[in-house]
Amino acid sequence: MKSLKLLLLIVFCFSLFAASENTIEKYKCLPCGLSCDNEVYDKAGKCAKCEMELVKSSSITFKTIQPSAICSYITSHPKTILLDVRTQEEFEGKATPDFGTLKNAINIPIQELDARIGDIKKYKNQEIIVYCSHSHRSPQASYLLTQNGFKNIINLSGGMSTLTDKSCNK
């Protein structure tokens, strides 16, 4: 009888420990578009690879779309807002290399996005696809938008440099 009680006590304590392990908040690199975005940490601090702040994993809520799906997605979701966070020169095709621009995109460079969030506030409840050249700036912009209450943000993985279907370009 004593051994059964001891066994039950051990099982109970183990289950409490396992439950607490699952509720500990994990942290990730503030999205920077590098491979370190997928690494998980146990506490706040700075990313060992890119030096970005570590944020709670649960705060990263934007989705991702692959370049191969973007043009058909835009066609089937015509009310989706396209937000290009590259520089104005890149957006206008004046930078080298020129990766092109998606039709009907809005350009707000990542450096200005925080200050100009009010310019796109009317789209807060609409679907927004955010993109840049290589998907280094757009994850940061996607995170910033979700932290400012935007509900349906999608990041273009890989950016315009990886887009092979140019049918949705200007």
# chains A, B, ... in the order shown; residues from 1 in each chain; ligands from 1

call {"tool": "select_by_dssp", "arguments": {"residues": "chain A", "states": "helix (DSSP H, G or I)", "output": "number ranges by chain"}}
result
A: 2-23, 35-38, 57-59, 67-76, 88-91, 110-113, 117-123, 137-147, 160-162

call {"tool": "residues_around", "arguments": {"residues": "His77 (chain A)", "least_positions_apart": "6", "cutoff": "12 Å", "atoms": "only C-alpha atoms", "output": "ChimeraX atom specification"}}
result
/A:69-71,126-129

call {"tool": "closest_atom_pairs", "arguments": {"of": "region 60-97 of chain A", "to": "region 23-32 of chain A", "cutoff": "12 Å", "atoms": "only C-alpha atoms", "output": "JSON lines"}}
result
{"residue": "A:Ile60", "atom": "CA", "partner": "A:Pro31", "partner_atom": "CA", "distance": 8.1}
{"residue": "A:Thr61", "atom": "CA", "partner": "A:Pro31", "partner_atom": "CA", "distance": 10.9}
{"residue": "A:Phe62", "atom": "CA", "partner": "A:Pro31", "partner_atom": "CA", "distance": 10.3}

call {"tool": "select_by_dssp", "arguments": {"residues": "chain A", "states": "strand (DSSP E or B)", "output": "PDB file with N, CA, C and O atoms, in the first residue's frame"}}
result
ATOM      1  N   TYR A  27      10.577  32.276 -26.366  1.00  0.00           N
ATOM      2  CA  TYR A  27      10.938  33.507 -27.054  1.00  0.00           C
ATOM      3  C   TYR A  27      11.579  33.200 -28.399  1.00  0.00           C
ATOM      4  O   TYR A  27      12.220  32.172 -28.564  1.00  0.00           O
ATOM      5  N   LYS A  28      11.390  34.131 -29.324  1.00  0.00           N
ATOM      6  CA  LYS A  28      12.000  34.042 -30.646  1.00  0.00           C
ATOM      7  C   LYS A  28      12.605  35.393 -30.982  1.00  0.00           C
ATOM      8  O   LYS A  28      12.226  36.420 -30.433  1.00  0.00           O
ATOM      9  N   CYS A  29      13.477  35.368 -31.943  1.00  0.00           N
ATOM     10  CA  CYS A  29      14.086  36.578 -32.474  1.00  0.00           C
ATOM     11  C   CYS A  29      12.989  37.475 -33.048  1.00  0.00           C
ATOM     12  O   CYS A  29      12.086  36.981 -33.719  1.00  0.00           O
ATOM     13  N   TYR A  41      14.024  30.300 -27.674  1.00  0.00           N
ATOM     14  CA  TYR A  41      14.785  30.547 -26.454  1.00  0.00           C
ATOM     15  C   TYR A  41      13.849  30.448 -25.248  1.00  0.00           C
ATOM     16  O   TYR A  41      12.642  30.626 -25.374  1.00  0.00           O
ATOM     17  N   LYS A  46      18.680  38.933 -26.251  1.00  0.00           N
ATOM     18  CA  LYS A  46      19.014  39.254 -27.644  1.00  0.00           C
ATOM     19  C   LYS A  46      19.342  37.965 -28.380  1.00  0.00           C
ATOM     20  O   LYS A  46      19.905  37.040 -27.810  1.00  0.00           O
ATOM     21  N   GLU A  53      16.138  41.879 -30.589  1.00  0.00           N
ATOM     22  CA  GLU A  53      15.481  41.553 -29.328  1.00  0.00           C
ATOM     23  C   GLU A  53      14.727  40.239 -29.467  1.00  0.00           C
ATOM     24  O   GLU A  53      14.197  39.939 -30.532  1.00  0.00           O
ATOM     25  N   LEU A  54      14.672  39.470 -28.392  1.00  0.00           N
ATOM     26  CA  LEU A  54      13.853  38.266 -28.366  1.00  0.00           C
ATOM     27  C   LEU A  54      12.477  38.668 -27.865  1.00  0.00           C
ATOM     28  O   LEU A  54      12.358  39.411 -26.887  1.00  0.00           O
ATOM     29  N   VAL A  55      11.438  38.206 -28.550  1.00  0.00           N
ATOM     30  CA  VAL A  55      10.058  38.527 -28.184  1.00  0.00           C
ATOM     31  C   VAL A  55       9.308  37.237 -27.900  1.00  0.00           C
ATOM     32  O   VAL A  55       9.718  36.158 -28.333  1.00  0.00           O
ATOM     33  N   LYS A  56       8.215  37.336 -27.179  1.00  0.00           N
ATOM     34  CA  LYS A  56       7.414  36.154 -26.877  1.00  0.00           C
ATOM     35  C   LYS A  56       6.937  35.526 -28.184  1.00  0.00           C
ATOM     36  O   LYS A  56       6.433  36.224 -29.062  1.00  0.00           O
ATOM     37  N   LYS A  63       1.068  35.464 -40.822  1.00  0.00           N
ATOM     38  CA  LYS A  63       1.200  34.246 -41.625  1.00  0.00           C
ATOM     39  C   LYS A  63       2.244  34.477 -42.713  1.00  0.00           C
ATOM     40  O   LYS A  63       2.738  35.592 -42.874  1.00  0.00           O
ATOM     41  N   THR A  64       2.522  33.432 -43.471  1.00  0.00           N
ATOM     42  CA  THR A  64       3.505  33.513 -44.552  1.00  0.00           C
ATOM     43  C   THR A  64       2.907  32.911 -45.820  1.00  0.00           C
ATOM     44  O   THR A  64       2.152  31.954 -45.753  1.00  0.00           O
ATOM     45  N   ILE A  65       3.261  33.507 -46.958  1.00  0.00           N
ATOM     46  CA  ILE A  65       2.866  32.956 -48.252  1.00  0.00           C
ATOM     47  C   ILE A  65       4.130  32.730 -49.067  1.00  0.00           C
ATOM     48  O   ILE A  65       5.080  33.533 -48.996  1.00  0.00           O
ATOM     49  N   ILE A  81      -4.649  44.026 -49.634  1.00  0.00           N
ATOM     50  CA  ILE A  81      -3.763  45.189 -49.731  1.00  0.00           C
ATOM     51  C   ILE A  81      -2.334  44.671 -49.859  1.00  0.00           C
ATOM     52  O   ILE A  81      -1.928  43.761 -49.141  1.00  0.00           O
ATOM     53  N   LEU A  82      -1.575  45.249 -50.774  1.00  0.00           N
ATOM     54  CA  LEU A  82      -0.174  44.872 -50.981  1.00  0.00           C
ATOM     55  C   LEU A  82       0.698  46.007 -50.455  1.00  0.00           C
ATOM     56  O   LEU A  82       0.584  47.141 -50.911  1.00  0.00           O
ATOM     57  N   LEU A  83       1.541  45.693 -49.490  1.00  0.00           N
ATOM     58  CA  LEU A  83       2.396  46.702 -48.864  1.00  0.00           C
ATOM     59  C   LEU A  83       3.859  46.379 -49.137  1.00  0.00           C
ATOM     60  O   LEU A  83       4.393  45.387 -48.652  1.00  0.00           O
ATOM     61  N   ASP A  84       4.501  47.226 -49.909  1.00  0.00           N
ATOM     62  CA  ASP A  84       5.912  47.102 -50.259  1.00  0.00           C
ATOM     63  C   ASP A  84       6.697  47.966 -49.276  1.00  0.00           C
ATOM     64  O   ASP A  84       6.505  49.177 -49.212  1.00  0.00           O
ATOM     65  N   LEU A 102       4.755  44.615 -57.314  1.00  0.00           N
ATOM     66  CA  LEU A 102       3.433  44.040 -57.514  1.00  0.00           C
ATOM     67  C   LEU A 102       2.439  45.131 -57.889  1.00  0.00           C
ATOM     68  O   LEU A 102       2.522  46.260 -57.372  1.00  0.00           O
ATOM     69  N   ILE A 106       1.155  49.495 -52.332  1.00  0.00           N
ATOM     70  CA  ILE A 106       1.411  50.741 -51.609  1.00  0.00           C
ATOM     71  C   ILE A 106       2.860  50.668 -51.131  1.00  0.00           C
ATOM     72  O   ILE A 106       3.302  49.626 -50.666  1.00  0.00           O
ATOM     73  N   ASN A 107       3.592  51.762 -51.228  1.00  0.00           N
ATOM     74  CA  ASN A 107       4.980  51.778 -50.769  1.00  0.00           C
ATOM     75  C   ASN A 107       5.115  52.618 -49.511  1.00  0.00           C
ATOM     76  O   ASN A 107       4.861  53.812 -49.512  1.00  0.00           O
ATOM     77  N   GLU A 127      -6.993  42.114 -45.169  1.00  0.00           N
ATOM     78  CA  GLU A 127      -5.821  41.278 -45.379  1.00  0.00           C
ATOM     79  C   GLU A 127      -4.738  42.119 -46.052  1.00  0.00           C
ATOM     80  O   GLU A 127      -5.007  42.816 -47.030  1.00  0.00           O
ATOM     81  N   ILE A 128      -3.526  42.044 -45.512  1.00  0.00           N
ATOM     82  CA  ILE A 128      -2.395  42.802 -46.055  1.00  0.00           C
ATOM     83  C   ILE A 128      -1.242  41.832 -46.289  1.00  0.00           C
ATOM     84  O   ILE A 128      -0.841  41.113 -45.375  1.00  0.00           O
ATOM     85  N   ILE A 129      -0.730  41.832 -47.515  1.00  0.00           N
ATOM     86  CA  ILE A 129       0.485  41.075 -47.821  1.00  0.00           C
ATOM     87  C   ILE A 129       1.639  42.066 -47.809  1.00  0.00           C
ATOM     88  O   ILE A 129       1.611  43.078 -48.511  1.00  0.00           O
ATOM     89  N   VAL A 130       2.645  41.773 -46.997  1.00  0.00           N
ATOM     90  CA  VAL A 130       3.812  42.639 -46.840  1.00  0.00           C
ATOM     91  C   VAL A 130       4.990  41.985 -47.555  1.00  0.00           C
ATOM     92  O   VAL A 130       5.209  40.783 -47.422  1.00  0.00           O
ATOM     93  N   TYR A 131       5.729  42.796 -48.311  1.00  0.00           N
ATOM     94  CA  TYR A 131       6.888  42.228 -49.008  1.00  0.00           C
ATOM     95  C   TYR A 131       8.019  43.232 -49.136  1.00  0.00           C
ATOM     96  O   TYR A 131       7.838  44.439 -48.967  1.00  0.00           O
ATOM     97  N   ASN A 152      -4.819  40.735 -39.996  1.00  0.00           N
ATOM     98  CA  ASN A 152      -4.655  39.709 -41.017  1.00  0.00           C
ATOM     99  C   ASN A 152      -3.446  40.025 -41.902  1.00  0.00           C
ATOM    100  O   ASN A 152      -3.595  40.452 -43.042  1.00  0.00           O
ATOM    101  N   ILE A 153      -2.266  39.786 -41.355  1.00  0.00           N
ATOM    102  CA  ILE A 153      -1.016  40.122 -42.033  1.00  0.00           C
ATOM    103  C   ILE A 153      -0.363  38.856 -42.580  1.00  0.00           C
ATOM    104  O   ILE A 153      -0.259  37.846 -41.890  1.00  0.00           O
ATOM    105  N   ILE A 154       0.097  38.946 -43.832  1.00  0.00           N
ATOM    106  CA  ILE A 154       0.779  37.831 -44.485  1.00  0.00           C
ATOM    107  C   ILE A 154       2.111  38.347 -45.026  1.00  0.00           C
ATOM    108  O   ILE A 154       2.154  39.350 -45.740  1.00  0.00           O
ATOM    109  N   ASN A 155       3.186  37.660 -44.696  1.00  0.00           N
ATOM    110  CA  ASN A 155       4.513  38.016 -45.172  1.00  0.00           C
ATOM    111  C   ASN A 155       4.865  37.181 -46.408  1.00  0.00           C
ATOM    112  O   ASN A 155       4.679  35.971 -46.412  1.00  0.00           O
ATOM    113  N   LEU A 156       5.368  37.831 -47.455  1.00  0.00           N
ATOM    114  CA  LEU A 156       5.837  37.120 -48.645  1.00  0.00           C
ATOM    115  C   LEU A 156       7.220  36.547 -48.349  1.00  0.00           C
ATOM    116  O   LEU A 156       8.202  37.285 -48.260  1.00  0.00           O
ATOM    117  N   ASN A 169       3.176  41.409 -61.515  1.00  0.00           N
ATOM    118  CA  ASN A 169       4.004  42.614 -61.430  1.00  0.00           C
ATOM    119  C   ASN A 169       3.404  43.737 -62.260  1.00  0.00           C
ATOM    120  O   ASN A 169       2.633  43.489 -63.190  1.00  0.00           O
TER     121      ASN A 169
END

call {"tool": "atom_distance", "arguments": {"atom1": "CA of Leu113 (chain A)", "atom2": "CA of Arg86 (chain A)"}}
result
10.5 Å

call {"tool": "atom_distance", "arguments": {"atom1": "CA of Ser59 (chain A)", "atom2": "CA of Glu112 (chain A)"}}
result
21.9 Å

call {"tool": "atom_distance", "arguments": {"atom1": "CA of Pro139 (chain A)", "atom2": "CA of Ser157 (chain A)"}}
result
8.5 Å
